Each structure stands twice: as C-alpha cells, then as structure tokens.
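Engineer: Sharing target_27.cif (mmCIF, C-alpha atoms and all ligand atoms) below.
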```cif
data_data
#
loop_
_atom_site.label_atom_id
_atom_site.label_comp_id
_atom_site.auth_asym_id
_atom_site.auth_seq_id
_atom_site.Cartn_x
_atom_site.Cartn_y
_atom_site.Cartn_z
CA MET U 19 87.18 112.64 94.09
CA LYS U 20 89.95 114.94 95.30
CA PHE U 21 92.47 113.13 97.50
CA SER U 22 93.60 114.80 100.71
CA LYS U 23 97.34 115.15 101.30
CA LYS U 24 96.70 115.93 104.94
CA LEU U 25 95.02 112.55 105.38
CA GLY U 26 97.82 110.70 103.54
CA GLN U 27 95.45 109.54 100.84
CA HIS U 28 97.63 107.52 98.48
CA ILE U 29 95.55 104.70 97.12
CA LEU U 30 97.21 101.42 96.20
CA ILE U 31 96.64 100.66 92.52
CA ASP U 32 99.04 97.74 92.12
CA ARG U 33 97.01 94.57 92.69
CA GLY U 34 100.18 92.48 92.84
CA VAL U 35 101.21 94.40 95.96
CA VAL U 36 97.74 93.88 97.46
CA SER U 37 97.91 90.12 96.91
CA ARG U 38 101.38 89.91 98.44
CA ILE U 39 100.16 91.79 101.54
CA ILE U 40 97.35 89.21 101.84
CA ARG U 41 99.85 86.35 101.47
CA TYR U 42 102.22 87.80 104.08
CA ALA U 43 99.32 88.06 106.54
CA GLU U 44 98.60 84.30 106.16
CA LEU U 45 94.89 84.94 106.50
CA LYS U 46 92.49 82.22 107.61
CA ARG U 47 88.70 82.10 107.98
CA THR U 48 89.15 82.24 111.74
CA ASP U 49 91.01 85.57 111.60
CA THR U 50 89.60 88.89 112.71
CA VAL U 51 91.45 91.71 110.98
CA LEU U 52 91.74 95.39 111.82
CA GLU U 53 92.44 97.69 108.88
CA VAL U 54 93.20 101.36 109.54
CA GLY U 55 92.48 103.72 106.64
CA CYS U 56 90.38 101.62 104.24
CA GLY U 57 90.33 104.34 101.57
CA THR U 58 88.45 103.09 98.51
CA GLY U 59 88.62 99.50 99.76
CA ILE U 60 91.15 97.85 97.43
CA LEU U 61 92.79 96.03 100.36
CA THR U 62 89.52 95.69 102.31
CA GLU U 63 87.99 93.69 99.46
CA GLN U 64 90.76 91.08 99.61
CA LEU U 65 90.77 91.03 103.42
CA LEU U 66 87.04 90.23 103.30
CA LYS U 67 87.72 87.39 100.84
CA HIS U 68 90.33 85.72 103.01
CA ALA U 69 89.49 86.48 106.67
CA GLY U 70 86.48 85.68 108.83
CA LYS U 71 85.77 89.22 109.93
CA VAL U 72 87.16 92.67 109.15
CA TYR U 73 86.99 95.87 111.17
CA GLY U 74 87.86 99.04 109.26
CA ILE U 75 88.55 102.49 110.67
CA GLU U 76 88.30 105.39 108.21
CA LYS U 77 88.37 109.10 108.98
CA ASP U 78 87.21 110.55 105.66
CA LYS U 79 83.39 110.67 105.46
CA ARG U 80 83.51 110.46 101.64
CA PHE U 81 85.36 107.13 101.79
CA VAL U 82 83.04 105.88 104.54
CA LYS U 83 80.02 106.45 102.23
CA LEU U 84 81.78 104.78 99.32
CA LEU U 85 82.79 101.78 101.46
CA GLU U 86 79.26 101.44 102.87
CA ASN U 87 77.89 101.16 99.33
CA LYS U 88 80.62 98.87 98.06
CA PHE U 89 80.43 96.42 100.97
CA LEU U 90 76.72 96.67 101.81
CA GLY U 91 76.30 92.87 101.71
CA GLU U 92 79.27 92.19 104.00
CA ILE U 93 78.13 94.91 106.41
CA ASN U 94 74.61 93.41 106.58
CA GLU U 95 76.10 89.94 107.14
CA GLY U 96 78.17 91.35 110.04
CA LYS U 97 81.39 90.32 108.26
CA PHE U 98 82.56 93.91 107.84
CA VAL U 99 82.27 96.52 110.56
CA LEU U 100 83.19 100.02 109.46
CA ILE U 101 84.07 102.57 112.12
CA GLU U 102 84.06 106.21 111.07
CA GLY U 103 86.65 108.19 113.01
CA ASP U 104 90.25 108.89 113.85
CA ALA U 105 92.20 105.67 114.45
CA LEU U 106 94.21 107.42 117.13
CA LYS U 107 91.07 108.37 119.06
CA VAL U 108 88.37 105.74 118.57
CA GLU U 109 88.36 102.60 120.68
CA TRP U 110 89.85 99.65 118.79
CA PRO U 111 87.91 96.37 118.64
CA GLU U 112 89.48 93.00 119.45
CA PHE U 113 91.43 91.58 116.49
CA ASN U 114 94.19 89.01 115.96
CA LYS U 115 95.71 90.47 112.78
CA PHE U 116 96.39 94.06 111.79
CA VAL U 117 96.74 94.59 108.05
CA SER U 118 96.89 98.15 106.73
CA ASN U 119 98.29 100.59 104.25
CA ILE U 120 98.36 103.34 106.84
CA PRO U 121 98.29 107.13 106.58
CA TYR U 122 101.97 107.96 107.00
CA GLN U 123 101.43 111.09 109.11
CA ILE U 124 100.33 108.99 112.06
CA SER U 125 102.87 106.15 111.68
CA SER U 126 104.60 106.58 115.01
CA GLU U 127 101.55 107.04 117.24
CA LEU U 128 99.61 104.33 115.43
CA THR U 129 102.50 101.87 115.70
CA PHE U 130 102.80 102.33 119.45
CA ARG U 131 99.04 101.97 119.81
CA LEU U 132 99.36 98.66 117.96
CA LEU U 133 102.47 97.45 119.82
CA LYS U 134 100.70 97.82 123.17
CA ARG U 135 97.77 95.66 122.05
CA LYS U 136 97.24 91.92 122.09
CA TYR U 137 97.53 90.54 118.52
CA GLU U 138 99.23 87.74 116.58
CA LEU U 139 100.63 89.40 113.51
CA ALA U 140 100.69 92.74 111.73
CA VAL U 141 101.50 93.50 108.09
CA VAL U 142 101.84 97.24 107.62
CA MET U 143 102.75 99.48 104.69
CA TYR U 144 104.96 102.35 105.90
CA GLN U 145 106.91 105.10 104.28
CA LYS U 146 110.31 103.48 103.48
CA GLU U 147 112.23 105.91 105.67
CA PHE U 148 110.03 105.14 108.69
CA ALA U 149 110.30 101.36 108.09
CA GLU U 150 114.10 101.65 107.98
CA ARG U 151 114.10 103.57 111.25
CA LEU U 152 111.91 100.89 112.83
CA VAL U 153 114.30 98.05 111.98
CA ALA U 154 117.66 99.87 112.31
CA ARG U 155 120.17 98.39 114.76
CA SER U 156 122.80 101.12 114.61
CA GLY U 157 123.80 104.19 112.60
CA LYS U 158 121.98 107.26 111.35
CA LYS U 159 118.50 105.74 111.18
CA TYR U 160 118.84 104.03 114.57
CA GLY U 161 117.05 106.00 117.27
CA ARG U 162 114.42 106.05 119.96
CA LEU U 163 111.83 104.42 117.68
CA SER U 164 114.15 101.50 116.77
CA VAL U 165 115.12 100.83 120.37
CA VAL U 166 111.70 101.13 122.01
CA ALA U 167 109.87 99.12 119.32
CA ARG U 168 112.19 96.16 120.06
CA ALA U 169 110.95 96.00 123.62
CA TYR U 170 107.53 95.08 122.20
CA ALA U 171 108.08 93.19 118.99
CA THR U 172 110.18 91.55 116.29
CA ILE U 173 110.00 93.64 113.13
CA LYS U 174 111.21 92.93 109.60
CA ILE U 175 110.96 94.65 106.23
CA LEU U 176 109.46 92.23 103.70
CA GLU U 177 109.79 94.34 100.57
CA HIS U 178 110.13 97.89 99.32
CA VAL U 179 107.33 99.26 97.16
CA LYS U 180 107.88 101.91 94.49
CA ALA U 181 105.89 105.15 94.64
CA GLU U 182 104.33 104.18 91.27
CA ALA U 183 102.20 101.59 93.06
CA PHE U 184 100.01 104.42 94.46
CA ARG U 185 97.71 107.17 93.14
CA PRO U 186 98.31 110.00 93.59
CA LYS U 187 101.97 109.05 93.45
CA PRO U 188 103.71 109.93 96.74
CA LYS U 189 107.12 111.63 96.77
CA VAL U 190 108.79 108.67 98.47
CA ASP U 191 108.87 104.88 98.27
CA SER U 192 107.17 102.62 100.80
CA SER U 193 107.92 99.34 102.55
CA ILE U 194 105.84 96.41 103.71
CA VAL U 195 106.74 95.42 107.24
CA ILE U 196 105.83 92.39 109.34
CA ILE U 197 105.46 92.79 113.10
CA LYS U 198 105.21 89.90 115.55
CA PRO U 199 104.53 90.57 119.22
CA ILE U 200 107.70 88.79 120.34
CA PRO U 201 109.98 91.24 122.22
CA GLU U 202 113.57 91.17 120.98
CA ILE U 203 114.88 92.51 124.25
CA ASN U 204 113.90 91.93 127.83
CA VAL U 205 112.80 95.12 129.56
CA LYS U 206 112.02 95.02 133.27
CA ASN U 207 110.39 98.42 133.65
CA MET U 208 109.08 100.05 130.47
CA GLU U 209 108.86 103.51 132.05
CA SER U 210 112.53 103.60 133.16
CA PHE U 211 113.62 102.10 129.86
CA GLU U 212 111.76 104.70 127.80
CA LYS U 213 113.08 107.49 130.03
CA LEU U 214 116.67 106.35 129.49
CA VAL U 215 116.28 105.97 125.72
CA ARG U 216 114.51 109.34 125.39
CA GLU U 217 117.26 111.10 127.32
CA ALA U 218 120.05 109.32 125.42
CA PHE U 219 118.66 110.29 122.02
CA SER U 220 117.58 113.82 123.02
CA SER U 221 120.71 114.87 121.15
CA ARG U 222 122.38 112.39 118.84
CA ARG U 223 125.77 114.03 119.38
CA LYS U 224 125.59 113.72 123.14
CA LYS U 225 128.01 111.20 124.64
CA PHE U 226 126.34 108.59 126.79
CA GLY U 227 128.32 109.65 129.88
CA LYS U 228 126.26 112.88 129.99
CA THR U 229 122.99 110.92 129.91
CA ALA U 230 124.19 108.63 132.70
CA GLU U 231 125.26 111.61 134.79
CA LYS U 232 121.93 113.38 134.32
CA LEU U 233 119.97 110.29 135.32
CA GLY U 234 122.36 109.39 138.14
CA ILE U 235 123.34 105.92 136.97
CA ASP U 236 126.71 104.19 136.97
CA VAL U 237 127.85 102.93 133.57
CA PRO U 238 131.04 101.17 132.41
CA GLU U 239 133.87 103.58 131.40
CA ASP U 240 133.91 102.48 127.73
CA LEU U 241 130.23 103.41 127.35
CA LYS U 242 130.71 106.95 128.62
CA ASN U 243 132.36 108.06 125.39
CA GLU U 244 129.86 106.36 123.07
CA ARG U 245 127.18 108.15 121.10
CA PRO U 246 123.66 106.71 121.53
CA GLU U 247 123.56 105.42 117.95
CA ARG U 248 126.33 102.95 118.78
CA ILE U 249 124.65 101.47 121.85
CA PRO U 250 122.65 98.28 121.13
CA PRO U 251 119.03 97.92 122.37
CA GLU U 252 120.05 95.11 124.77
CA VAL U 253 122.46 97.47 126.54
CA PHE U 254 119.76 100.12 127.00
CA ALA U 255 117.49 97.41 128.44
CA GLU U 256 120.17 96.26 130.87
CA LEU U 257 121.18 99.77 131.96
CA SER U 258 117.58 100.85 132.53
CA LYS U 259 117.46 98.38 135.45
CA ARG U 260 119.77 100.78 137.30
CA LEU U 261 117.26 103.63 137.17
C1 LIG S 301 97.46 105.48 102.41
S1 LIG S 301 95.70 105.61 102.32
C2 LIG S 301 95.29 103.92 102.17
C3 LIG S 301 94.00 103.64 101.50
C4 LIG S 301 93.71 102.17 101.16
N1 LIG S 301 93.81 101.32 102.32
C5 LIG S 301 94.65 101.66 100.08
O1 LIG S 301 95.46 100.78 100.39
O2 LIG S 301 94.58 102.10 98.95
C6 LIG S 301 95.34 106.04 104.01
C7 LIG S 301 93.86 106.09 104.38
O3 LIG S 301 93.77 106.44 105.78
C8 LIG S 301 92.73 107.40 105.99
N2 LIG S 301 93.09 108.16 107.23
C9 LIG S 301 93.92 109.22 107.36
N3 LIG S 301 94.07 109.57 108.65
C10 LIG S 301 93.31 108.69 109.37
C11 LIG S 301 93.05 108.53 110.75
N4 LIG S 301 93.60 109.34 111.66
N5 LIG S 301 92.23 107.53 111.15
C12 LIG S 301 91.66 106.69 110.22
N6 LIG S 301 91.87 106.80 108.90
C13 LIG S 301 92.68 107.78 108.46
C14 LIG S 301 92.73 108.23 104.73
O4 LIG S 301 91.49 108.88 104.54
C15 LIG S 301 93.02 107.15 103.67
O5 LIG S 301 91.83 106.55 103.25
#
```
Please go through the file and, once you have read it, give me the structure as structure tokens.
Ligand SMILES: C[S@@+](CC[C@H](N)C(=O)[O-])C[C@H]1O[C@@H](n2cnc3c(N)ncnc32)[C@H](O)[C@@H]1O
Structural biologist:
Amino acid sequence: MKFSKKLGQHILIDRGVVSRIIRYAELKRTDTVLEVGCGTGILTEQLLKHAGKVYGIEKDKRFVKLLENKFLGEINEGKFVLIEGDALKVEWPEFNKFVSNIPYQISSELTFRLLKRKYELAVVMYQKEFAERLVARSGKKYGRLSVVARAYATIKILEHVKAEAFRPKPKVDSSIVIIKPIPEINVKNMESFEKLVREAFSSRRKKFGKTAEKLGIDVPEDLKNERPERIPPEVFAELSKRL
C-alpha cells in the first residue's frame, strides 16, 4: 500500500512506544476511547485490549477497509465503532479518553476541537516542534498556541520519539504529550482573551504597548516595552479582563 504524505500517514512500528502510550493513558475496562487516524490499527489493537469501547475516525478508505477486516469481531460485538471521515468535520462521539497518533497536518485544529470537549485525559503523539510550542512558557516557541491552550488544560511532554519509530520515516522527531482538562490559568471571557493574545502575537517583534493602544486598554508602564514572548499566560488572562 502506498502511504499518503498529504494524510500524514506515518505508521508506528515500534511496539515499545505503543505499549508506553497505553500505559500513559491508564486504560480501564470502563473507559471509552476516541482514536483519530487509526491507520493500520497498531494502536487500535492495544486500545481494544485495554479499554471498554473504542471509537476510531479514519479518513482513508483503504485503511477503513483494512480495519473493518482486522477488527470484524470487535465491530460485531459493538466494542469498536469505526467512523469513516475527516476528524475535523464528522461529529465526535462521547468519550472519556483521547488516545491518538494524529496526522500532524491537522494538529492545531484537532487540538482545539479536543480542548473544547468534555474528557478526562488525552495522550497524543505530535510532531516534536508542535509539542514544544504547546508547552512553552516563554521564548521563541512560546506563542498564541502555548498561551491559549493553557486556558483549557494542563499539558506536559512525556517523552520524545525518534523518527525511526515510524514507517515511512518522517523528517522530524515526535513527542508523546499528556493533556488534562485542568486550566492552568483563569480566563473570564475566552473571546476577549483570544482577541488579546491574537493581536499581541500578530507580530512577534511588536512591543506590547502597541497592542494595548490598538485594543484601547490601560497596561502598566513596564509591560509597554515588552515583546509578547516575555509576557506570561497569567498576565494575558488578567489583562484580557480590561477588554
Ligand atoms: C500518523 S498516522 C497514524 C496511524 C496509526 N494510528 C499509527 O499509530 O500507526 C495518521 C492517520 O490519520 C489518518 N488521517 C489523516 N487525516 C485525517 C483526518 N482529517 N481525519 C481522520 N483521519 C485522518 C491517516 O490516513 C493516517 O491513517
């Protein structure tokens, strides 16, 4: 089978990585898992062994056929429900854990779709660069994604995974990330907060005074000369109350 670059088809071949993902997710028989991008089912198989029920969303028809054959028994039992479609478009079922080796092209949109849902725990494989942006607290990788994600969740990198763990081998390394729906910062109005953060990071070189002026908010003098990458998430949350 020819793998599609456009669909981010890098299949996990390292079973050690798969078993660690399962361990990190602390799966129980009472868990209902959502997996986005089941591929050839290497992770799905273990999810089915450890959880009560698994929902899978897969866009590639060829993989859907393969998965339907491989997990025919589980599908007939109602233990595995496979949804053919685009995970950014189809309606998501109810689940309490999200465990996926996701297609990297849709990382940002998929993550925000997840963050806005009700769930207990997510264990997600991301491109390393994206994972580092998600957890950054300052500096070059710190940006809109890092700040806004904190208003929804607590996020940590559990381990980095070498490109050799996948076939075909991607150009970059990956990281396994754990997400818990416990906000790290207290945001009063998500819309104002996102507006402020978007404006602040619209140009990384822009001093914060310019952002404040544009949005018509009063900010302490010492903040006016700061670049957005030096302003902590808590400060954005606090200042957004003035909008
Ligand atoms: C990185 S592979 C992971 C495959 C498998 N879970 C594994 O660990 O080996 C990503 C999978 O997501 C699927 N995919 C890509 N875009 C998708 C989308 N928008 N919605 C659902 N699945 C998608 C690809 O076809 C591929 O099977």
Engineer: Taking only residues of chain U that have an atom at most 6 Å from an atom of ligand LIG 301 (chain S), what is each one's shortest atom pair and its distance in Å to one decimal, using all atoms listed in the file, in chain and number order, as a tab-separated table?
Structural biologist:
```
residue	atom	partner	partner_atom	distance
U:Leu25	CA	S:LIG301	C9	4.0
U:Gly26	CA	S:LIG301	C6	5.3
U:Gln27	CA	S:LIG301	S1	4.2
U:His28	CA	S:LIG301	C1	4.4
U:Ile29	CA	S:LIG301	O2	3.3
U:Leu30	CA	S:LIG301	O2	3.9
U:Val54	CA	S:LIG301	C12	5.6
U:Gly55	CA	S:LIG301	O3	3.1
U:Cys56	CA	S:LIG301	N1	3.9
U:Gly57	CA	S:LIG301	O5	3.2
U:Thr58	CA	S:LIG301	C4	6.0
U:Gly59	CA	S:LIG301	C4	5.9
U:Ile60	CA	S:LIG301	O2	5.7
U:Leu61	CA	S:LIG301	O1	5.4
U:Ile75	CA	S:LIG301	C12	5.2
U:Glu76	CA	S:LIG301	N6	3.9
U:Lys77	CA	S:LIG301	N6	4.2
U:Asp78	CA	S:LIG301	O4	4.7
U:Gly103	CA	S:LIG301	N5	5.9
U:Asp104	CA	S:LIG301	N5	3.6
U:Ala105	CA	S:LIG301	N5	3.8
U:Leu106	CA	S:LIG301	N4	5.8
U:Asn119	CA	S:LIG301	O1	4.8
U:Ile120	CA	S:LIG301	C6	4.9
U:Pro121	CA	S:LIG301	C6	4.1
```
Engineer: Hey, can you check how far atom CA of U:Val166 sits from atom CA of U:Lys228?
Structural biologist: 20.3 Å
Engineer: Which is closer to U:Asp236 than all the others in U:Thr129, U:Thr172, U:Asn87, U:Ser258, using only C-alpha atoms?
Structural biologist: U:Ser258
Engineer: Between U:Arg131, U:Arg248, U:Arg222, U:Arg80, which one has atoms that come closest to U:Met19, using only C-alpha atoms?
Structural biologist: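 Answer, going by the shortest atom-to-atom distance: U:Arg80.
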Engineer: Tell me which of U:Ala183, U:Leu90, U:Val205, U:Leu133 sits closest to U:Ala255, counting all atoms listed in the file.
Structural biologist: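 Between U:Ala183, U:Leu90, U:Val205, U:Leu133, the residue approaching U:Ala255 most closely is U:Val205.
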Engineer: Between atom CA of U:Arg185 and atom CA of U:Thr62, what is the distance, to one decimal in Å?
Structural biologist: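 The value is 16.8 Å.
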Engineer: May I ask which of the residues U:Ile203, U:Ile235, U:Leu66, U:Leu152 is the closest one to U:Phe98, counting all atoms listed in the file?
Structural biologist: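 Nearest to U:Phe98: U:Leu66.
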Engineer: Using all atoms listed in the file, can you tell me which of U:Lys79, U:Gly74, U:Glu109, U:Leu176 comes closest to U:Lys97?
Structural biologist: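 Smallest distance to U:Lys97 is found for U:Gly74.
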Engineer: What would stretch 157-193 of chain U look like with N, CA and C atoms in place, written as a PDB file, keeping the file's coordinate frame?
Structural biologist:
```pdb
ATOM      1  N   GLY U 157     123.624 103.209 113.678  1.00  0.00           N
ATOM      2  CA  GLY U 157     123.800 104.190 112.600  1.00  0.00           C
ATOM      3  C   GLY U 157     122.784 105.311 112.608  1.00  0.00           C
ATOM      4  N   LYS U 158     122.756 106.022 111.465  1.00  0.00           N
ATOM      5  CA  LYS U 158     121.980 107.260 111.350  1.00  0.00           C
ATOM      6  C   LYS U 158     120.487 107.070 111.579  1.00  0.00           C
ATOM      7  N   LYS U 159     119.951 105.939 111.088  1.00  0.00           N
ATOM      8  CA  LYS U 159     118.500 105.740 111.180  1.00  0.00           C
ATOM      9  C   LYS U 159     118.096 105.116 112.525  1.00  0.00           C
ATOM     10  N   TYR U 160     119.082 104.669 113.279  1.00  0.00           N
ATOM     11  CA  TYR U 160     118.840 104.030 114.570  1.00  0.00           C
ATOM     12  C   TYR U 160     118.541 105.124 115.600  1.00  0.00           C
ATOM     13  N   GLY U 161     117.412 104.980 116.301  1.00  0.00           N
ATOM     14  CA  GLY U 161     117.050 106.000 117.270  1.00  0.00           C
ATOM     15  C   GLY U 161     116.046 105.471 118.274  1.00  0.00           C
ATOM     16  N   ARG U 162     115.372 106.402 118.912  1.00  0.00           N
ATOM     17  CA  ARG U 162     114.420 106.050 119.960  1.00  0.00           C
ATOM     18  C   ARG U 162     113.378 105.043 119.462  1.00  0.00           C
ATOM     19  N   LEU U 163     112.854 105.296 118.252  1.00  0.00           N
ATOM     20  CA  LEU U 163     111.830 104.420 117.680  1.00  0.00           C
ATOM     21  C   LEU U 163     112.360 102.980 117.541  1.00  0.00           C
ATOM     22  N   SER U 164     113.576 102.840 116.983  1.00  0.00           N
ATOM     23  CA  SER U 164     114.150 101.500 116.770  1.00  0.00           C
ATOM     24  C   SER U 164     114.341 100.768 118.087  1.00  0.00           C
ATOM     25  N   VAL U 165     114.802 101.484 119.098  1.00  0.00           N
ATOM     26  CA  VAL U 165     115.120 100.830 120.370  1.00  0.00           C
ATOM     27  C   VAL U 165     113.830 100.447 121.108  1.00  0.00           C
ATOM     28  N   VAL U 166     112.902 101.403 121.214  1.00  0.00           N
ATOM     29  CA  VAL U 166     111.700 101.130 122.010  1.00  0.00           C
ATOM     30  C   VAL U 166     110.823 100.061 121.336  1.00  0.00           C
ATOM     31  N   ALA U 167     110.711 100.103 120.021  1.00  0.00           N
ATOM     32  CA  ALA U 167     109.870  99.120 119.320  1.00  0.00           C
ATOM     33  C   ALA U 167     110.333  97.689 119.637  1.00  0.00           C
ATOM     34  N   ARG U 168     111.642  97.507 119.790  1.00  0.00           N
ATOM     35  CA  ARG U 168     112.190  96.160 120.060  1.00  0.00           C
ATOM     36  C   ARG U 168     111.780  95.603 121.415  1.00  0.00           C
ATOM     37  N   ALA U 169     111.381  96.478 122.298  1.00  0.00           N
ATOM     38  CA  ALA U 169     110.950  96.000 123.620  1.00  0.00           C
ATOM     39  C   ALA U 169     109.549  95.379 123.519  1.00  0.00           C
ATOM     40  N   TYR U 170     108.884  95.607 122.388  1.00  0.00           N
ATOM     41  CA  TYR U 170     107.530  95.080 122.200  1.00  0.00           C
ATOM     42  C   TYR U 170     107.453  93.983 121.149  1.00  0.00           C
ATOM     43  N   ALA U 171     108.335  94.045 120.153  1.00  0.00           N
ATOM     44  CA  ALA U 171     108.080  93.190 118.990  1.00  0.00           C
ATOM     45  C   ALA U 171     109.337  92.850 118.189  1.00  0.00           C
ATOM     46  N   THR U 172     109.161  91.880 117.282  1.00  0.00           N
ATOM     47  CA  THR U 172     110.180  91.550 116.290  1.00  0.00           C
ATOM     48  C   THR U 172     109.668  92.095 114.950  1.00  0.00           C
ATOM     49  N   ILE U 173     110.479  92.911 114.317  1.00  0.00           N
ATOM     50  CA  ILE U 173     110.000  93.640 113.130  1.00  0.00           C
ATOM     51  C   ILE U 173     110.947  93.437 111.956  1.00  0.00           C
ATOM     52  N   LYS U 174     110.372  93.134 110.804  1.00  0.00           N
ATOM     53  CA  LYS U 174     111.210  92.930 109.600  1.00  0.00           C
ATOM     54  C   LYS U 174     110.595  93.609 108.390  1.00  0.00           C
ATOM     55  N   ILE U 175     111.458  94.117 107.507  1.00  0.00           N
ATOM     56  CA  ILE U 175     110.960  94.650 106.230  1.00  0.00           C
ATOM     57  C   ILE U 175     110.837  93.485 105.261  1.00  0.00           C
ATOM     58  N   LEU U 176     109.669  93.332 104.643  1.00  0.00           N
ATOM     59  CA  LEU U 176     109.460  92.230 103.700  1.00  0.00           C
ATOM     60  C   LEU U 176     109.806  92.634 102.272  1.00  0.00           C
ATOM     61  N   GLU U 177     109.431  93.850 101.918  1.00  0.00           N
ATOM     62  CA  GLU U 177     109.790  94.340 100.570  1.00  0.00           C
ATOM     63  C   GLU U 177     109.601  95.854 100.504  1.00  0.00           C
ATOM     64  N   HIS U 178     110.323  96.464  99.582  1.00  0.00           N
ATOM     65  CA  HIS U 178     110.130  97.890  99.320  1.00  0.00           C
ATOM     66  C   HIS U 178     109.158  98.019  98.148  1.00  0.00           C
ATOM     67  N   VAL U 179     108.339  99.056  98.208  1.00  0.00           N
ATOM     68  CA  VAL U 179     107.330  99.260  97.160  1.00  0.00           C
ATOM     69  C   VAL U 179     107.544 100.642  96.534  1.00  0.00           C
ATOM     70  N   LYS U 180     107.646 100.659  95.226  1.00  0.00           N
ATOM     71  CA  LYS U 180     107.880 101.910  94.490  1.00  0.00           C
ATOM     72  C   LYS U 180     106.671 102.839  94.585  1.00  0.00           C
ATOM     73  N   ALA U 181     106.951 104.140  94.550  1.00  0.00           N
ATOM     74  CA  ALA U 181     105.890 105.150  94.640  1.00  0.00           C
ATOM     75  C   ALA U 181     104.841 104.991  93.534  1.00  0.00           C
ATOM     76  N   GLU U 182     105.252 104.366  92.419  1.00  0.00           N
ATOM     77  CA  GLU U 182     104.330 104.180  91.270  1.00  0.00           C
ATOM     78  C   GLU U 182     103.172 103.254  91.610  1.00  0.00           C
ATOM     79  N   ALA U 183     103.269 102.526  92.698  1.00  0.00           N
ATOM     80  CA  ALA U 183     102.200 101.590  93.060  1.00  0.00           C
ATOM     81  C   ALA U 183     100.979 102.309  93.640  1.00  0.00           C
ATOM     82  N   PHE U 184     101.088 103.653  93.833  1.00  0.00           N
ATOM     83  CA  PHE U 184     100.010 104.420  94.460  1.00  0.00           C
ATOM     84  C   PHE U 184      99.528 105.561  93.569  1.00  0.00           C
ATOM     85  N   ARG U 185      98.261 105.968  93.776  1.00  0.00           N
ATOM     86  CA  ARG U 185      97.710 107.170  93.140  1.00  0.00           C
ATOM     87  C   ARG U 185      97.033 108.014  94.211  1.00  0.00           C
ATOM     88  N   PRO U 186      97.237 109.304  94.278  1.00  0.00           N
ATOM     89  CA  PRO U 186      98.310 110.000  93.590  1.00  0.00           C
ATOM     90  C   PRO U 186      99.668 109.486  94.064  1.00  0.00           C
ATOM     91  N   LYS U 187     100.639 109.599  93.161  1.00  0.00           N
ATOM     92  CA  LYS U 187     101.970 109.050  93.450  1.00  0.00           C
ATOM     93  C   LYS U 187     102.640 109.850  94.573  1.00  0.00           C
ATOM     94  N   PRO U 188     103.026 109.189  95.670  1.00  0.00           N
ATOM     95  CA  PRO U 188     103.710 109.930  96.740  1.00  0.00           C
ATOM     96  C   PRO U 188     105.137 110.316  96.335  1.00  0.00           C
ATOM     97  N   LYS U 189     105.760 111.177  97.122  1.00  0.00           N
ATOM     98  CA  LYS U 189     107.120 111.630  96.770  1.00  0.00           C
ATOM     99  C   LYS U 189     108.169 110.575  97.103  1.00  0.00           C
ATOM    100  N   VAL U 190     107.792 109.636  97.982  1.00  0.00           N
ATOM    101  CA  VAL U 190     108.790 108.670  98.470  1.00  0.00           C
ATOM    102  C   VAL U 190     108.290 107.238  98.289  1.00  0.00           C
ATOM    103  N   ASP U 191     109.230 106.290  98.354  1.00  0.00           N
ATOM    104  CA  ASP U 191     108.870 104.880  98.270  1.00  0.00           C
ATOM    105  C   ASP U 191     108.326 104.394  99.612  1.00  0.00           C
ATOM    106  N   SER U 192     107.758 103.204  99.592  1.00  0.00           N
ATOM    107  CA  SER U 192     107.170 102.620 100.800  1.00  0.00           C
ATOM    108  C   SER U 192     107.788 101.266 101.082  1.00  0.00           C
ATOM    109  N   SER U 193     107.440 100.683 102.212  1.00  0.00           N
ATOM    110  CA  SER U 193     107.920  99.340 102.550  1.00  0.00           C
ATOM    111  C   SER U 193     106.833  98.574 103.271  1.00  0.00           C
TER     112      SER U 193
END
```
